[in-house]
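Have a look at start11.csv below; it lists CSV, C-alpha atoms.
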```csv
chain,number,residue,atom,x,y,z
A,29,MET,CA,24.2,32.1,15.3
A,30,LYS,CA,27.0,33.3,13.2
A,31,LEU,CA,29.2,30.6,14.6
A,32,ARG,CA,26.7,28.0,13.7
A,33,ALA,CA,26.5,29.3,10.2
A,34,VAL,CA,30.3,29.1,9.9
A,35,ARG,CA,30.4,25.6,11.4
A,36,PHE,CA,27.8,24.6,8.9
A,37,GLY,CA,29.9,26.1,6.1
A,38,PHE,CA,32.9,24.1,7.2
A,39,SER,CA,31.0,20.8,7.5
A,40,ALA,CA,29.3,21.4,4.1
A,41,LEU,CA,32.7,22.2,2.6
A,42,ALA,CA,34.1,19.0,4.0
A,43,LEU,CA,31.2,17.0,2.6
A,44,ALA,CA,31.7,18.6,-0.8
A,45,ALA,CA,35.4,17.7,-0.7
A,46,LEU,CA,34.6,14.1,0.2
A,47,ALA,CA,32.1,13.9,-2.7
A,48,PHE,CA,34.8,15.2,-5.0
A,49,VAL,CA,37.2,12.5,-3.9
A,50,LEU,CA,34.7,9.6,-4.1
A,51,PRO,CA,33.9,8.1,-7.4
A,52,ALA,CA,30.6,9.1,-8.9
A,53,THR,CA,28.0,6.6,-8.0
A,54,ALA,CA,24.9,8.3,-9.3
A,55,ALA,CA,22.3,5.8,-10.4
A,56,ASP,CA,22.2,5.6,-14.1
A,57,LYS,CA,18.7,4.2,-14.3
A,58,ILE,CA,15.6,4.9,-12.3
A,59,ASP,CA,14.5,1.5,-11.0
A,60,PRO,CA,11.7,1.8,-8.4
A,61,VAL,CA,11.3,-2.0,-8.1
A,62,ALA,CA,14.9,-2.4,-7.1
A,63,ASP,CA,14.7,0.7,-4.8
A,64,ALA,CA,11.7,-0.7,-3.0
A,65,LYS,CA,13.4,-4.1,-2.5
A,66,ALA,CA,16.5,-2.5,-1.1
A,67,PHE,CA,14.5,-0.1,1.0
A,68,LYS,CA,12.6,-3.0,2.7
A,69,LYS,CA,15.7,-5.1,3.1
A,70,PHE,CA,17.5,-2.2,4.8
A,71,PHE,CA,14.8,-2.0,7.5
A,72,TYR,CA,14.2,-5.7,7.8
A,73,ASP,CA,17.9,-6.2,8.4
A,74,LYS,CA,18.1,-3.3,10.8
A,75,PHE,CA,15.1,-4.6,12.9
A,76,PRO,CA,15.2,-8.3,12.4
A,77,LYS,CA,12.7,-9.0,15.2
A,78,LEU,CA,9.9,-7.0,13.6
A,79,LYS,CA,7.5,-8.5,11.1
A,80,PRO,CA,7.0,-6.4,8.0
A,81,GLU,CA,3.5,-5.3,9.0
A,82,ASP,CA,4.9,-4.0,12.3
A,83,PHE,CA,6.6,-1.1,10.6
A,84,VAL,CA,3.3,0.6,9.9
A,85,ASN,CA,3.0,1.4,13.6
A,86,GLY,CA,6.0,3.7,13.5
A,87,PRO,CA,7.8,4.3,16.9
A,88,TYR,CA,5.4,1.9,18.6
A,89,SER,CA,7.0,-1.0,16.8
A,90,MET,CA,10.5,0.1,17.9
A,91,ASP,CA,10.3,-0.6,21.6
A,92,GLU,CA,8.4,-3.0,23.9
A,93,GLY,CA,7.3,-0.4,26.3
A,94,LEU,CA,6.0,1.9,23.6
A,95,HIS,CA,4.3,-1.1,22.0
A,96,ARG,CA,2.4,-1.7,25.2
A,97,GLN,CA,1.4,1.9,25.3
A,98,TRP,CA,0.1,1.6,21.8
A,99,VAL,CA,-2.0,-1.5,22.6
A,100,GLU,CA,-3.6,0.4,25.4
A,101,LYS,CA,-4.1,3.5,23.4
A,102,GLU,CA,-5.9,1.5,20.7
A,103,GLN,CA,-8.6,0.6,23.3
A,104,PHE,CA,-9.8,4.3,23.2
A,105,PRO,CA,-8.0,5.7,20.3
A,106,PRO,CA,-7.6,9.5,20.2
A,107,TYR,CA,-8.4,9.6,16.5
A,108,GLU,CA,-11.8,8.1,17.0
A,109,PHE,CA,-13.7,11.4,17.0
A,110,SER,CA,-12.0,12.4,13.8
A,111,VAL,CA,-13.0,9.2,12.1
A,112,GLU,CA,-16.6,9.8,13.2
A,113,ALA,CA,-16.6,13.4,12.0
A,114,GLY,CA,-15.0,12.3,8.7
A,115,LYS,CA,-17.7,9.7,8.1
A,116,GLU,CA,-20.5,12.2,8.7
A,117,MET,CA,-18.8,14.8,6.4
A,118,PHE,CA,-18.2,12.2,3.7
A,119,THR,CA,-21.8,11.3,3.2
A,120,LYS,CA,-23.3,14.8,3.8
A,121,PRO,CA,-24.4,16.3,0.5
A,122,PHE,CA,-22.7,19.4,-0.9
A,123,LYS,CA,-25.0,22.4,-1.7
A,124,ASN,CA,-25.4,20.9,-5.2
A,125,GLY,CA,-26.7,17.6,-3.7
A,126,LYS,CA,-23.6,15.5,-4.6
A,127,THR,CA,-21.2,14.1,-2.1
A,128,TYR,CA,-17.6,13.0,-1.9
A,129,GLU,CA,-18.8,9.5,-2.9
A,130,ASP,CA,-19.4,10.9,-6.4
A,131,CYS,CA,-15.8,11.9,-6.8
A,132,PHE,CA,-14.1,8.6,-6.0
A,133,PRO,CA,-14.0,5.0,-7.3
A,134,ASN,CA,-16.0,2.6,-5.1
A,135,LYS,CA,-17.7,5.6,-3.5
A,136,GLY,CA,-14.4,6.3,-1.7
A,137,ILE,CA,-14.6,3.3,0.5
A,138,GLY,CA,-11.5,1.1,0.8
A,139,ILE,CA,-9.4,3.0,-1.7
A,140,ARG,CA,-6.8,4.9,0.4
A,141,GLN,CA,-4.1,2.3,-0.5
A,142,ASN,CA,-4.2,3.5,-4.1
A,143,TYR,CA,-3.1,7.1,-3.2
A,144,PRO,CA,-1.1,8.9,-4.3
A,145,TYR,CA,-1.4,8.0,-8.0
A,146,PHE,CA,0.2,9.5,-11.1
A,147,ASP,CA,-2.3,11.3,-13.3
A,148,GLU,CA,-1.1,10.8,-16.9
A,149,LYS,CA,-3.4,13.5,-18.2
A,150,GLU,CA,-2.1,16.1,-15.9
A,151,GLY,CA,1.4,14.7,-15.7
A,152,LYS,CA,1.5,15.0,-11.9
A,153,VAL,CA,1.1,13.1,-8.7
A,154,ILE,CA,-2.4,13.3,-7.1
A,155,THR,CA,-2.6,12.7,-3.4
A,156,LEU,CA,-5.7,11.9,-1.5
A,157,GLU,CA,-5.8,15.3,0.2
A,158,LEU,CA,-5.5,17.0,-3.2
A,159,ALA,CA,-8.2,14.8,-4.7
A,160,LEU,CA,-10.5,15.6,-1.8
A,161,ASN,CA,-10.1,19.4,-2.2
A,162,ARG,CA,-10.5,19.1,-6.0
A,163,CYS,CA,-13.7,17.2,-5.3
A,164,ARG,CA,-14.9,20.0,-3.2
A,165,GLU,CA,-14.0,22.7,-5.7
A,166,ALA,CA,-15.6,20.8,-8.6
A,167,ASN,CA,-18.8,20.8,-6.6
A,168,GLY,CA,-18.7,24.5,-5.8
A,169,GLU,CA,-17.3,24.2,-2.3
A,170,ALA,CA,-14.3,26.0,-0.9
A,171,ALA,CA,-11.1,24.0,-0.4
A,172,TYR,CA,-10.2,23.0,3.2
A,173,SER,CA,-6.9,23.7,4.9
A,174,TYR,CA,-4.6,20.8,4.0
A,175,VAL,CA,-3.0,20.4,7.4
A,176,LYS,CA,-5.7,19.5,9.9
A,177,ASP,CA,-9.3,19.5,11.1
A,178,GLU,CA,-11.7,18.7,8.3
A,179,MET,CA,-9.0,17.4,5.9
A,180,ALA,CA,-7.6,15.2,8.6
A,181,ALA,CA,-11.1,13.9,9.5
A,182,LEU,CA,-11.9,13.1,5.8
A,183,THR,CA,-8.6,11.3,5.3
A,184,ALA,CA,-8.9,9.5,8.7
A,185,TYR,CA,-12.3,8.1,7.7
A,186,MET,CA,-11.0,7.0,4.2
A,187,ALA,CA,-7.9,5.4,5.8
A,188,TYR,CA,-10.1,3.7,8.3
A,189,THR,CA,-12.2,2.0,5.6
A,190,SER,CA,-8.9,0.8,4.0
A,191,ARG,CA,-7.3,-0.6,7.1
A,192,GLY,CA,-5.3,-3.8,6.4
A,193,LYS,CA,-5.3,-3.3,2.6
A,194,PRO,CA,-1.8,-3.3,1.3
A,195,PHE,CA,-0.4,-0.1,-0.3
A,196,ASP,CA,-0.7,-0.5,-4.0
A,197,ILE,CA,1.0,2.5,-5.6
A,198,LYS,CA,1.5,2.3,-9.4
A,199,ILE,CA,4.2,4.0,-11.4
A,200,PRO,CA,2.9,4.0,-15.0
A,201,ASP,CA,5.3,3.5,-17.9
A,202,ASP,CA,5.6,7.3,-18.3
A,203,PRO,CA,8.9,9.2,-18.0
A,204,ARG,CA,7.1,11.9,-16.1
A,205,ALA,CA,5.9,9.4,-13.5
A,206,LEU,CA,9.4,8.1,-13.1
A,207,ALA,CA,10.7,11.6,-12.9
A,208,ALA,CA,8.2,12.5,-10.2
A,209,TYR,CA,9.2,9.3,-8.3
A,210,GLU,CA,12.9,10.2,-8.6
A,211,GLN,CA,12.3,13.8,-7.5
A,212,GLY,CA,10.5,12.5,-4.5
A,213,LYS,CA,13.4,10.2,-3.7
A,214,GLU,CA,15.9,13.1,-4.1
A,215,TYR,CA,13.8,15.3,-1.8
A,216,PHE,CA,13.7,12.5,0.8
A,217,TYR,CA,17.5,12.2,0.9
A,218,SER,CA,18.5,15.9,0.5
A,219,ARG,CA,19.6,17.7,3.5
A,220,ARG,CA,17.7,20.9,4.2
A,221,GLY,CA,17.4,23.7,6.8
A,222,GLN,CA,20.1,25.2,9.0
A,223,LEU,CA,20.3,22.0,10.9
A,224,ASN,CA,21.3,20.2,7.7
A,225,PHE,CA,18.9,17.3,8.1
A,226,SER,CA,17.3,15.2,5.4
A,227,CYS,CA,14.2,13.2,6.0
A,228,ALA,CA,16.5,10.2,5.9
A,229,THR,CA,18.7,11.6,8.7
A,230,CYS,CA,15.9,10.8,11.2
A,231,HIS,CA,13.9,8.1,9.5
A,232,VAL,CA,16.7,6.0,7.8
A,233,GLN,CA,19.8,6.7,9.8
A,234,THR,CA,18.3,6.8,13.3
A,235,PRO,CA,14.9,5.2,13.6
A,236,GLY,CA,14.3,3.8,17.0
A,237,GLU,CA,16.7,6.4,18.5
A,238,ARG,CA,15.5,9.4,20.4
A,239,ILE,CA,15.5,13.1,19.5
A,240,ARG,CA,14.9,14.6,22.9
A,241,THR,CA,11.9,12.5,24.2
A,242,GLU,CA,10.7,11.4,20.7
A,243,VAL,CA,11.4,8.0,19.3
A,244,LEU,CA,12.0,8.3,15.6
A,245,ALA,CA,9.8,6.3,13.3
A,246,PRO,CA,11.3,4.2,10.5
A,247,ALA,CA,10.7,5.6,7.0
A,248,LEU,CA,9.3,2.2,5.9
A,249,GLY,CA,5.6,2.3,6.6
A,250,ILE,CA,5.5,5.9,7.7
A,251,MET,CA,2.8,6.8,5.2
A,252,ASN,CA,0.6,3.8,6.0
A,253,ALA,CA,-0.5,5.4,9.3
A,254,MET,CA,-1.5,8.8,7.9
A,255,PRO,CA,-3.3,10.9,9.0
A,256,ILE,CA,-2.2,10.8,12.7
A,257,TYR,CA,-3.3,12.1,16.0
A,258,ARG,CA,-0.2,13.5,17.7
A,259,SER,CA,-0.1,14.1,21.4
A,260,GLU,CA,2.5,16.8,20.6
A,261,TRP,CA,-0.1,18.6,18.4
A,262,SER,CA,-3.0,17.8,20.7
A,263,GLY,CA,-4.9,17.0,17.6
A,264,MET,CA,-5.0,15.4,14.2
A,265,GLY,CA,-2.6,16.2,11.4
A,266,THR,CA,-2.4,15.2,7.8
A,267,THR,CA,0.5,14.1,5.6
A,268,SER,CA,0.9,17.7,4.6
A,269,ARG,CA,1.1,18.8,8.2
A,270,ARG,CA,3.8,16.2,8.8
A,271,PHE,CA,6.0,17.4,5.9
A,272,VAL,CA,5.5,21.1,6.7
A,273,THR,CA,6.5,20.6,10.4
A,274,CYS,CA,9.4,18.3,9.5
A,275,ASN,CA,10.8,21.1,7.4
A,276,SER,CA,10.3,23.8,10.1
A,277,GLN,CA,11.9,21.6,12.7
A,278,VAL,CA,15.2,21.5,10.8
A,279,ARG,CA,14.9,25.3,10.3
A,280,GLY,CA,13.9,25.1,6.6
A,281,VAL,CA,11.2,27.3,5.2
A,282,PRO,CA,8.4,24.8,4.4
A,283,PHE,CA,6.7,24.8,1.1
A,284,ASN,CA,3.0,25.2,0.6
A,285,PRO,CA,1.1,22.0,1.3
A,286,GLN,CA,0.6,20.0,-2.0
A,287,ASP,CA,3.5,21.7,-3.7
A,288,ASP,CA,5.2,19.3,-6.1
A,289,GLU,CA,8.0,18.4,-3.7
A,290,TYR,CA,5.6,17.2,-1.1
A,291,ARG,CA,3.4,15.3,-3.6
A,292,ASN,CA,6.5,13.6,-5.0
A,293,VAL,CA,8.0,12.6,-1.7
A,294,GLU,CA,4.7,11.1,-0.7
A,295,TYR,CA,4.6,9.2,-3.9
A,296,TYR,CA,8.1,7.8,-3.3
A,297,LEU,CA,7.5,6.9,0.3
A,298,SER,CA,4.2,5.3,-0.4
A,299,TYR,CA,5.6,3.3,-3.4
A,300,VAL,CA,8.5,1.8,-1.4
A,301,ALA,CA,5.9,0.7,1.3
A,302,ASN,CA,3.9,-1.2,-1.3
A,303,GLY,CA,2.6,-4.4,0.2
A,304,LEU,CA,2.5,-3.2,3.7
A,305,PRO,CA,-1.0,-2.6,5.2
A,306,ILE,CA,-2.7,0.7,5.7
A,307,SER,CA,-2.9,1.3,9.4
A,308,GLY,CA,-4.3,4.8,9.4
A,309,PRO,CA,-5.4,6.8,11.1
A,310,GLY,CA,-2.6,6.4,13.6
A,311,ALA,CA,-1.7,7.8,16.9
A,312,ARG,CA,1.7,9.1,17.8
A,313,PRO,CA,3.4,10.5,20.9
B,15,MET,CA,41.5,74.9,24.0
B,16,LYS,CA,42.1,74.7,20.2
B,17,ALA,CA,44.2,71.5,20.7
B,18,LYS,CA,41.4,70.0,22.7
B,19,LEU,CA,38.8,70.8,20.0
B,20,VAL,CA,41.1,69.2,17.4
B,21,LEU,CA,41.4,66.1,19.5
B,22,LEU,CA,37.7,65.9,20.1
B,23,ALA,CA,37.0,66.3,16.3
B,24,ALA,CA,39.6,63.6,15.6
B,25,LEU,CA,38.0,61.2,18.1
B,26,LEU,CA,34.5,61.8,16.7
B,27,THR,CA,35.8,61.2,13.2
B,28,ALA,CA,37.5,58.0,14.3
B,29,GLY,CA,34.3,56.9,16.1
B,30,SER,CA,32.2,57.4,13.1
B,31,ALA,CA,34.5,55.2,11.0
B,32,PHE,CA,33.4,52.2,13.1
B,33,ALA,CA,29.7,53.0,13.5
B,34,ALA,CA,27.4,51.7,10.8
B,35,SER,CA,25.2,54.3,9.0
B,36,GLU,CA,21.8,53.8,7.6
B,37,ALA,CA,23.4,53.5,4.2
B,38,ASP,CA,25.6,50.6,5.5
B,39,TYR,CA,22.5,48.9,6.8
B,40,LYS,CA,20.6,49.3,3.6
B,41,ALA,CA,23.4,47.9,1.5
B,42,ALA,CA,23.8,44.9,3.9
B,43,TYR,CA,20.1,44.3,4.0
B,44,ALA,CA,19.8,44.4,0.2
B,45,ALA,CA,22.7,41.9,-0.2
B,46,ALA,CA,21.0,39.6,2.4
B,47,GLU,CA,17.7,39.9,0.7
B,48,ALA,CA,19.2,39.1,-2.7
B,49,ALA,CA,21.0,36.0,-1.4
B,50,ASN,CA,17.8,34.9,0.3
B,51,LYS,CA,15.9,35.4,-2.9
B,52,GLU,CA,18.4,33.2,-4.7
B,53,ALA,CA,17.9,30.5,-2.0
B,54,GLY,CA,14.2,30.8,-2.7
B,55,GLN,CA,14.7,30.2,-6.4
B,56,LEU,CA,16.6,27.0,-5.3
B,57,ARG,CA,13.6,26.1,-3.1
B,58,ASN,CA,15.8,26.1,0.0
B,59,GLN,CA,15.3,29.0,2.3
B,60,TRP,CA,16.1,28.8,6.0
B,61,THR,CA,13.7,30.0,8.7
B,62,THR,CA,16.7,31.5,10.5
B,63,THR,CA,17.5,33.7,7.5
B,64,ALA,CA,14.0,35.2,7.6
B,65,SER,CA,14.1,35.7,11.4
B,66,THR,CA,17.6,37.4,11.2
B,67,LEU,CA,16.4,39.7,8.4
B,68,ALA,CA,13.4,40.6,10.6
B,69,ALA,CA,15.7,41.3,13.5
B,70,ALA,CA,17.8,43.5,11.3
B,71,LYS,CA,14.8,45.5,10.2
B,72,LYS,CA,13.6,45.8,13.8
B,73,ALA,CA,16.9,47.2,14.9
B,74,ALA,CA,17.0,49.6,12.0
B,75,ASP,CA,13.5,50.8,12.8
B,76,ALA,CA,14.7,51.5,16.3
B,77,GLY,CA,17.6,53.5,14.9
B,78,ASP,CA,20.3,51.0,15.9
B,79,PHE,CA,22.2,50.7,12.7
B,80,ASP,CA,25.2,48.9,14.2
B,81,LYS,CA,23.0,46.1,15.3
B,82,ALA,CA,20.9,46.2,12.2
B,83,THR,CA,23.9,46.0,9.9
B,84,GLU,CA,25.4,43.2,11.9
B,85,ALA,CA,22.2,41.2,11.7
B,86,ALA,CA,21.8,41.9,8.0
B,87,LYS,CA,25.3,40.6,7.4
B,88,GLU,CA,24.5,37.5,9.4
B,89,ALA,CA,21.4,36.9,7.4
B,90,GLU,CA,23.4,37.1,4.2
B,91,ALA,CA,25.8,34.5,5.6
B,92,LEU,CA,22.9,32.2,6.4
B,93,ALA,CA,21.3,32.7,3.0
B,94,LYS,CA,24.6,32.0,1.3
B,95,ALA,CA,25.0,28.8,3.4
B,96,SER,CA,21.5,27.7,2.3
B,97,ILE,CA,22.5,28.3,-1.3
B,98,PHE,CA,25.6,26.2,-0.8
B,99,GLN,CA,23.6,23.4,0.8
B,100,ALA,CA,21.0,23.4,-2.1
B,101,THR,CA,23.8,23.3,-4.7
B,102,SER,CA,25.9,20.6,-3.1
B,103,GLU,CA,22.9,18.4,-2.2
B,104,LYS,CA,22.1,18.1,-5.9
B,105,THR,CA,24.7,15.3,-5.9
B,106,LEU,CA,25.4,14.6,-2.3
B,107,TRP,CA,21.9,13.3,-1.6
B,108,ARG,CA,22.9,10.0,-3.3
B,109,ASP,CA,25.4,9.3,-0.5
B,110,LEU,CA,22.5,8.7,1.8
B,111,GLU,CA,20.4,6.6,-0.6
B,112,ILE,CA,19.5,3.1,0.4
B,113,ARG,CA,20.6,0.8,-2.4
```

Would you mind writing the file's structure down as structure tokens?
Amino acid sequence: MKLRAVRFGFSALALAALAFVLPATAADKIDPVADAKAFKKFFYDKFPKLKPEDFVNGPYSMDEGLHRQWVEKEQFPPYEFSVEAGKEMFTKPFKNGKTYEDCFPNKGIGIRQNYPYFDEKEGKVITLELALNRCREANGEAAYSYVKDEMAALTAYMAYTSRGKPFDIKIPDDPRALAAYEQGKEYFYSRRGQLNFSCATCHVQTPGERIRTEVLAPALGIMNAMPIYRSEWSGMGTTSRRFVTCNSQVRGVPFNPQDDEYRNVEYYLSYVANGLPISGPGARP
Amino acid sequence: MKAKLVLLAALLTAGSAFAASEADYKAAYAAAEAANKEAGQLRNQWTTTASTLAAAKKAADAGDFDKATEAAKEAEALAKASIFQATSEKTLWRDLEIR
């Protein structure tokens, strides 16, 4: 353990020294449109055989054998029970007689592609999971756990009603929105945990490669499939669950679900996938 | 006989110079906790720091202050590495950015 810490120290020092030698290349200006264009181009160039819409199927788009597995899995998808449960929950009245339909535009149907959004009144990013729990609390109900079960079922149903609709995340002309976007981007690329991994280490530098038996998904389109049924979890998991477990896997102490860092990184990743269709709920190995 | 007692006393004294005391453990643990707290303020704690701190406490509770002190020092090293990571990543993250 001590040896690993020392090794980390040396590699971190080497990186720091390298950064000192290289000229400063920090972006002067936050330009989400240019970011999204470059982000997509990177993945389209890296995987020239894939169509843009294939990226929303994560690892199943990376390999022919896996793709065949996915086609078969979709015959009896493991998330089906969750969608059914979510549908029932969505229309069942709260104790006060209202339902989730009363909290969302278009009664919550076909709107998943617009989340997360930046709330200019609050000055923060609002995710679908957060909006659902706020809806519950506003109607006198206790909030659900953000990571699985009921929350996964509700978001699965909402995603299902939005399938095929392209992500349409807006960044309003508000410096706070741009700052949230930029903070999300910084989080995505920052190395964390004792293993010194960033989100990008797996999902930009090595998508399609394996970590043990797992084929890593590309970052492009990774939010489009949320929530997901993971065989590894033997159950459904939300976007929050994915972020929390990613942090733990690199030996970083995860934040609380829906802390600003997670909301912002979801905002960033969803924005750069604008135009790609919602495919959620998804199934993953 | 007297010479033997003097030798025994000298050996015991020398031995105690290498063994960690409860005070050593407490000082090492406090330093590790402080570093981990700083990592928390930077929003970059490591799970291994927490588990190593827990191992230090467990060893101390069992009265093994050598092991406890060693674990606490290791936890401090881990916490300091996480602080270094958080600080250096403030600028280094841009090296990974897709442009």

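Shortest atom-to-atom contact with chain B among A:Ala159, A:Leu304, A:Ala166, A:Ala62: A:Ala62, counting all atoms listed in the file.
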
Q.
Using all atoms listed in the file, which protein or nucleic acid residues come within 9 Å of Ala45 (chain B)? Drop anything in the same chain fewer than 4 positions from it, and give the result as a count of residues only.
A. 7

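Distance check against Leu106 (chain B) using only C-alpha atoms: of A:Tyr217, A:Tyr295, A:Val300, A:Thr273, the minimum falls on A:Tyr217.
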
Set the cut-off to 7 Å and count all atoms listed in the file: what are the residues of chain B that reach chain A? Output as a short mmCIF file (atom, residue, chain, number, x, y, z; two decimals) with C-alpha atoms, keeping the file's coordinate frame.
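Dumped everything to part-v2.cif:
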```cif
data_model
loop_
_atom_site.label_atom_id
_atom_site.label_comp_id
_atom_site.auth_asym_id
_atom_site.auth_seq_id
_atom_site.Cartn_x
_atom_site.Cartn_y
_atom_site.Cartn_z
CA ASN B 58 15.80 26.10 0.00
CA GLN B 59 15.30 29.00 2.30
CA TRP B 60 16.10 28.80 6.00
CA THR B 61 13.70 30.00 8.70
CA THR B 62 16.70 31.50 10.50
CA GLU B 88 24.50 37.50 9.40
CA ALA B 91 25.80 34.50 5.60
CA LEU B 92 22.90 32.20 6.40
CA ALA B 95 25.00 28.80 3.40
CA GLN B 99 23.60 23.40 0.80
CA SER B 102 25.90 20.60 -3.10
CA GLU B 103 22.90 18.40 -2.20
CA LEU B 106 25.40 14.60 -2.30
CA TRP B 107 21.90 13.30 -1.60
CA ARG B 108 22.90 10.00 -3.30
CA LEU B 110 22.50 8.70 1.80
CA GLU B 111 20.40 6.60 -0.60
CA ILE B 112 19.50 3.10 0.40
CA ARG B 113 20.60 0.80 -2.40
#
```

Q: For Asp201 (chain A), please output as a PyMOL selection string all residues within 10 Å (counting all atoms listed in the file; exclusion window: fewer than 4 positions along the same chain).
A: chain A and resi 148+205-206

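Note that CA of Ala184 (chain A) and CA of Glu112 (chain A) are 8.9 Å apart.
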
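Considering all atoms listed in the file, the residue among A:Asp202, A:Glu81, A:Glu294, A:Asp196 positioned nearest to Arg140 (chain A) is A:Asp196.
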
Q.
Taking 5 positions as the minimum chain separation for residues in the same chain, which residues sit within 12 Å of Tyr145 (chain A) when counting all atoms listed in the file? Answer as a PyMOL selection string.
A. chain A and resi 139-140+150-159+195-200+205-206+208-209+291-292+294-296+298-299

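One distance worth recording is that between CA of Gly263 (chain A) and CA of Pro106 (chain A), which is 8.4 Å.
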
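Taking CA of Arg191 (chain A) and CA of Glu102 (chain A) as the two end points, the separation is 13.8 Å.
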
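Applying the 10 Å criterion to (18.8, 40.2, 11.4) in file coordinates and using all atoms listed in the file, one obtains the residues Tyr43, Ala46, Thr62, Thr63, Ala64, Ser65, Thr66, Leu67, Ala68, Ala69, Ala70, Lys71, Lys72, Ala73, Ala74, Lys81, Ala82, Thr83, Glu84, Ala85, Ala86, Lys87, Glu88, Ala89 and Glu90 of chain B.
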